[in-house]
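Structure record follows, encoded as structure tokens.
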Amino acid sequence: MQDGPDDFAEDFSAPRPGPNVAKTPEEAAAAEAQVVQNMKDVRYIVREYPVGVVVGMYLRGLEDDANEIFVPDYQRDLIWPEKNQSRFIESLLIGLPVPFIFVADANVVDEPDKVGRLEIVDGVQRIRTLARFLTGELVLHGLERLPLLNDFTFHDMPPSRQRRFKRVTLRLIELTESVGEDVRRDMFDRINTGSVGLEAVEVRRGMRPGPFVDLISVLAKDEELRRLAPVSEALAKRFEYEELITRFFAFVDRYETYGRGPEGKVVKDFLMTYVKDTNEELAAEGGDRKRAEMDEAWKRMLAFIGRHFPGGFKKAGPGRKVPRVRFEALAVGVALALREEPDLIPNDLSWLDSAEFKKRTTTDASNNRSNLVGRLEFVRDRLLGR
């Protein structure tokens, strides 16, 4: 005899043993009220649009930042490899289900040009892939189910298939204008935190916008930084320069407390706390003065590296890129030395090629507190002749 739906009711509803099982009616009522309130905060509409309409809403006005569907500044550039982009197009061509795209009505009162437009909360990669395909930029390859379409662009397909593809519908979850920015950013975090493809710096940009993040974005565009600290194009698109700058300021200010706070030795948590605190500090009274001091400290350090370190932050040799650990050691060590001697001129830089410096900047446990503090103070002390 098959079990009926009521056969398990008592099992699931019975209290379970364990600590703090019993809650007062008042506690239960307060918790329920909190659930209801948060449900009210997240209001949405499910919409379906053809691919052609979505791409048109994204492309029209793109150059002037006036497109109806837009990418917010905390989102990432197109980073899907072309094989992944091709597989996404293949999925749509053969009718496989694809994830929802999350957008939000950008009802931001202090940015009237964005009111009524749709901010992409999750789905940037898919929309940009579709735009590349419909404009003929994406050449399909690596297709397994439709191998005869490899090396095709959208314009190589028969007109009938082009029309049908543009009519394929996408499902969008649209957060309504009543949903505040804090909820949108919380959703961005919940969707992306822990995902393999999203770097910690990208999550911070999404969760902690503010004047410090704005300062980082400005400094990251400095061509002198890019000359002295070359990174791969792929890393640059993933905000590697923003990551390096964030680490510079956080460790210059707080390296002595790293590993001793509630974040422990988890660098991403340490940086998240620092970004939050510094955003608030720069937004408060006197923040302009603090920002100017930070900007000056950064530029003074960069100028020092440019004058005295022939290879910049990288090791000697063509094609070399800058590891984070080496950048941290040199940038922060220089800044700490300049705090003590603003007119410092180094007498000996032979330690840059020493076995000790190499060991300090290539150790496996690079985020161990003693290793981090040790490499920063090693550079500081060598520059000061200690």
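How things are named: the first chain in the structure tokens is A, the next is B, and so on; residues count from 1 in each chain; ligands count from 1 in the order shown.
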Could you pull the residues within 12 Å of region 251-259 of chain A, counting only C-alpha atoms, minus those fewer than 6 positions along the same chain, as an MDAnalysis selection string? chainID A and resid 244:245 265:271 273:275 277:278 294 297:298 301 325 327:339 367:377 380
Would you output that residue set with N, CA and C atoms, as a tab-separated table (two decimals), in the first residue's frame?
chain	number	residue	atom	x	y	z
A	244	LEU	N	44.61	45.23	-5.88
A	244	LEU	CA	45.94	45.61	-5.40
A	244	LEU	C	45.89	46.91	-4.60
A	245	ILE	N	45.14	47.88	-5.09
A	245	ILE	CA	45.06	49.17	-4.41
A	245	ILE	C	44.36	49.02	-3.06
A	265	LYS	N	42.33	35.35	9.87
A	265	LYS	CA	43.33	35.48	8.80
A	265	LYS	C	42.71	35.27	7.43
A	266	VAL	N	41.41	35.57	7.32
A	266	VAL	CA	40.71	35.48	6.03
A	266	VAL	C	40.81	36.84	5.36
A	267	VAL	N	41.67	36.95	4.36
A	267	VAL	CA	41.97	38.25	3.76
A	267	VAL	C	40.72	38.91	3.20
A	268	LYS	N	39.87	38.15	2.52
A	268	LYS	CA	38.70	38.78	1.89
A	268	LYS	C	37.78	39.40	2.94
A	269	ASP	N	37.68	38.76	4.12
A	269	ASP	CA	36.85	39.34	5.19
A	269	ASP	C	37.53	40.57	5.80
A	270	PHE	N	38.84	40.49	5.95
A	270	PHE	CA	39.61	41.63	6.46
A	270	PHE	C	39.44	42.83	5.53
A	271	LEU	N	39.53	42.61	4.23
A	271	LEU	CA	39.38	43.70	3.26
A	271	LEU	C	37.96	44.21	3.22
A	273	THR	N	35.81	44.37	5.67
A	273	THR	CA	35.63	45.24	6.84
A	273	THR	C	36.32	46.58	6.61
A	274	TYR	N	37.53	46.54	6.07
A	274	TYR	CA	38.26	47.79	5.83
A	274	TYR	C	37.53	48.67	4.83
A	275	VAL	N	37.03	48.09	3.75
A	275	VAL	CA	36.30	48.87	2.75
A	275	VAL	C	35.06	49.51	3.36
A	277	ASP	N	34.49	50.26	6.56
A	277	ASP	CA	34.87	51.31	7.51
A	277	ASP	C	35.38	52.56	6.79
A	278	THR	N	36.18	52.36	5.75
A	278	THR	CA	36.78	53.51	5.07
A	278	THR	C	35.74	54.25	4.23
A	294	MET	N	45.07	60.05	1.55
A	294	MET	CA	45.23	58.72	0.97
A	294	MET	C	45.75	58.82	-0.46
A	297	ALA	N	49.45	59.72	-0.34
A	297	ALA	CA	50.29	58.59	0.08
A	297	ALA	C	50.47	57.59	-1.05
A	298	TRP	N	49.41	57.33	-1.79
A	298	TRP	CA	49.48	56.41	-2.92
A	298	TRP	C	50.42	56.94	-4.00
A	301	MET	N	54.13	56.87	-2.96
A	301	MET	CA	54.68	55.52	-3.04
A	301	MET	C	54.95	55.14	-4.48
A	325	VAL	N	51.53	39.06	-3.76
A	325	VAL	CA	52.37	39.07	-2.57
A	325	VAL	C	53.56	40.00	-2.76
A	327	PHE	N	53.71	42.58	-4.86
A	327	PHE	CA	53.20	43.95	-4.90
A	327	PHE	C	52.96	44.47	-3.49
A	328	GLU	N	52.28	43.67	-2.66
A	328	GLU	CA	52.00	44.08	-1.28
A	328	GLU	C	53.29	44.42	-0.53
A	329	ALA	N	54.26	43.52	-0.64
A	329	ALA	CA	55.50	43.73	0.11
A	329	ALA	C	56.18	45.03	-0.28
A	330	LEU	N	56.29	45.30	-1.58
A	330	LEU	CA	57.00	46.49	-2.03
A	330	LEU	C	56.17	47.75	-1.79
A	331	ALA	N	54.91	47.74	-2.17
A	331	ALA	CA	54.08	48.94	-2.06
A	331	ALA	C	53.91	49.36	-0.61
A	332	VAL	N	53.53	48.41	0.23
A	332	VAL	CA	53.28	48.75	1.64
A	332	VAL	C	54.59	49.03	2.36
A	333	GLY	N	55.63	48.23	2.07
A	333	GLY	CA	56.93	48.48	2.70
A	333	GLY	C	57.47	49.85	2.38
A	334	VAL	N	57.35	50.27	1.12
A	334	VAL	CA	57.79	51.61	0.73
A	334	VAL	C	56.99	52.68	1.47
A	335	ALA	N	55.67	52.53	1.52
A	335	ALA	CA	54.82	53.51	2.19
A	335	ALA	C	55.17	53.64	3.67
A	336	LEU	N	55.43	52.51	4.31
A	336	LEU	CA	55.79	52.54	5.74
A	336	LEU	C	57.13	53.23	5.94
A	337	ALA	N	58.08	53.00	5.04
A	337	ALA	CA	59.39	53.66	5.15
A	337	ALA	C	59.25	55.16	4.93
A	338	LEU	N	58.42	55.55	3.96
A	338	LEU	CA	58.24	56.99	3.68
A	338	LEU	C	57.53	57.71	4.81
A	339	ARG	N	56.76	56.99	5.61
A	339	ARG	CA	56.15	57.61	6.78
A	339	ARG	C	57.23	58.07	7.76
A	367	ASN	N	49.45	34.30	3.53
A	367	ASN	CA	48.52	35.09	4.33
A	367	ASN	C	48.61	34.79	5.82
A	368	ASN	N	49.54	33.94	6.19
A	368	ASN	CA	49.82	33.75	7.61
A	368	ASN	C	50.24	35.08	8.19
A	369	ARG	N	49.76	35.40	9.39
A	369	ARG	CA	50.02	36.72	9.96
A	369	ARG	C	51.51	37.03	10.06
A	370	SER	N	52.29	36.09	10.56
A	370	SER	CA	53.72	36.36	10.73
A	370	SER	C	54.40	36.57	9.38
A	371	ASN	N	53.97	35.83	8.36
A	371	ASN	CA	54.56	36.00	7.04
A	371	ASN	C	54.21	37.35	6.43
A	372	LEU	N	52.94	37.75	6.58
A	372	LEU	CA	52.52	39.03	6.01
A	372	LEU	C	53.24	40.18	6.69
A	373	VAL	N	53.19	40.20	8.01
A	373	VAL	CA	53.87	41.27	8.76
A	373	VAL	C	55.37	41.24	8.46
A	374	GLY	N	55.93	40.05	8.39
A	374	GLY	CA	57.37	39.92	8.17
A	374	GLY	C	57.81	40.50	6.84
A	375	ARG	N	57.07	40.24	5.76
A	375	ARG	CA	57.52	40.75	4.46
A	375	ARG	C	57.36	42.26	4.33
A	376	LEU	N	56.31	42.80	4.95
A	376	LEU	CA	56.11	44.25	4.89
A	376	LEU	C	57.21	44.98	5.66
A	377	GLU	N	57.50	44.49	6.85
A	377	GLU	CA	58.52	45.13	7.67
A	377	GLU	C	59.92	44.85	7.15
A	380	ARG	N	60.39	47.57	4.56
A	380	ARG	CA	60.52	48.85	5.27
A	380	ARG	C	61.91	48.99	5.89
Residues near Glu296 (chain A), cut-off 12 Å, only C-alpha atoms, skip fewer than 6 positions along chain, as a ChimeraX atom specification: /A:215,219,249,289-290,302-303,335,338-339,342
Polymer residues at most 9 Å from Pro346 (chain A), only C-alpha atoms, same-chain spacing of 5 or more positions, as JSON, numbers by chain: {"A": [308, 382, 383, 384, 385]}
Distance criterion (only C-alpha atoms): nearest to Glu119 (chain A) out of A:Leu92, A:Leu148, A:Met57, A:Leu170: A:Met57
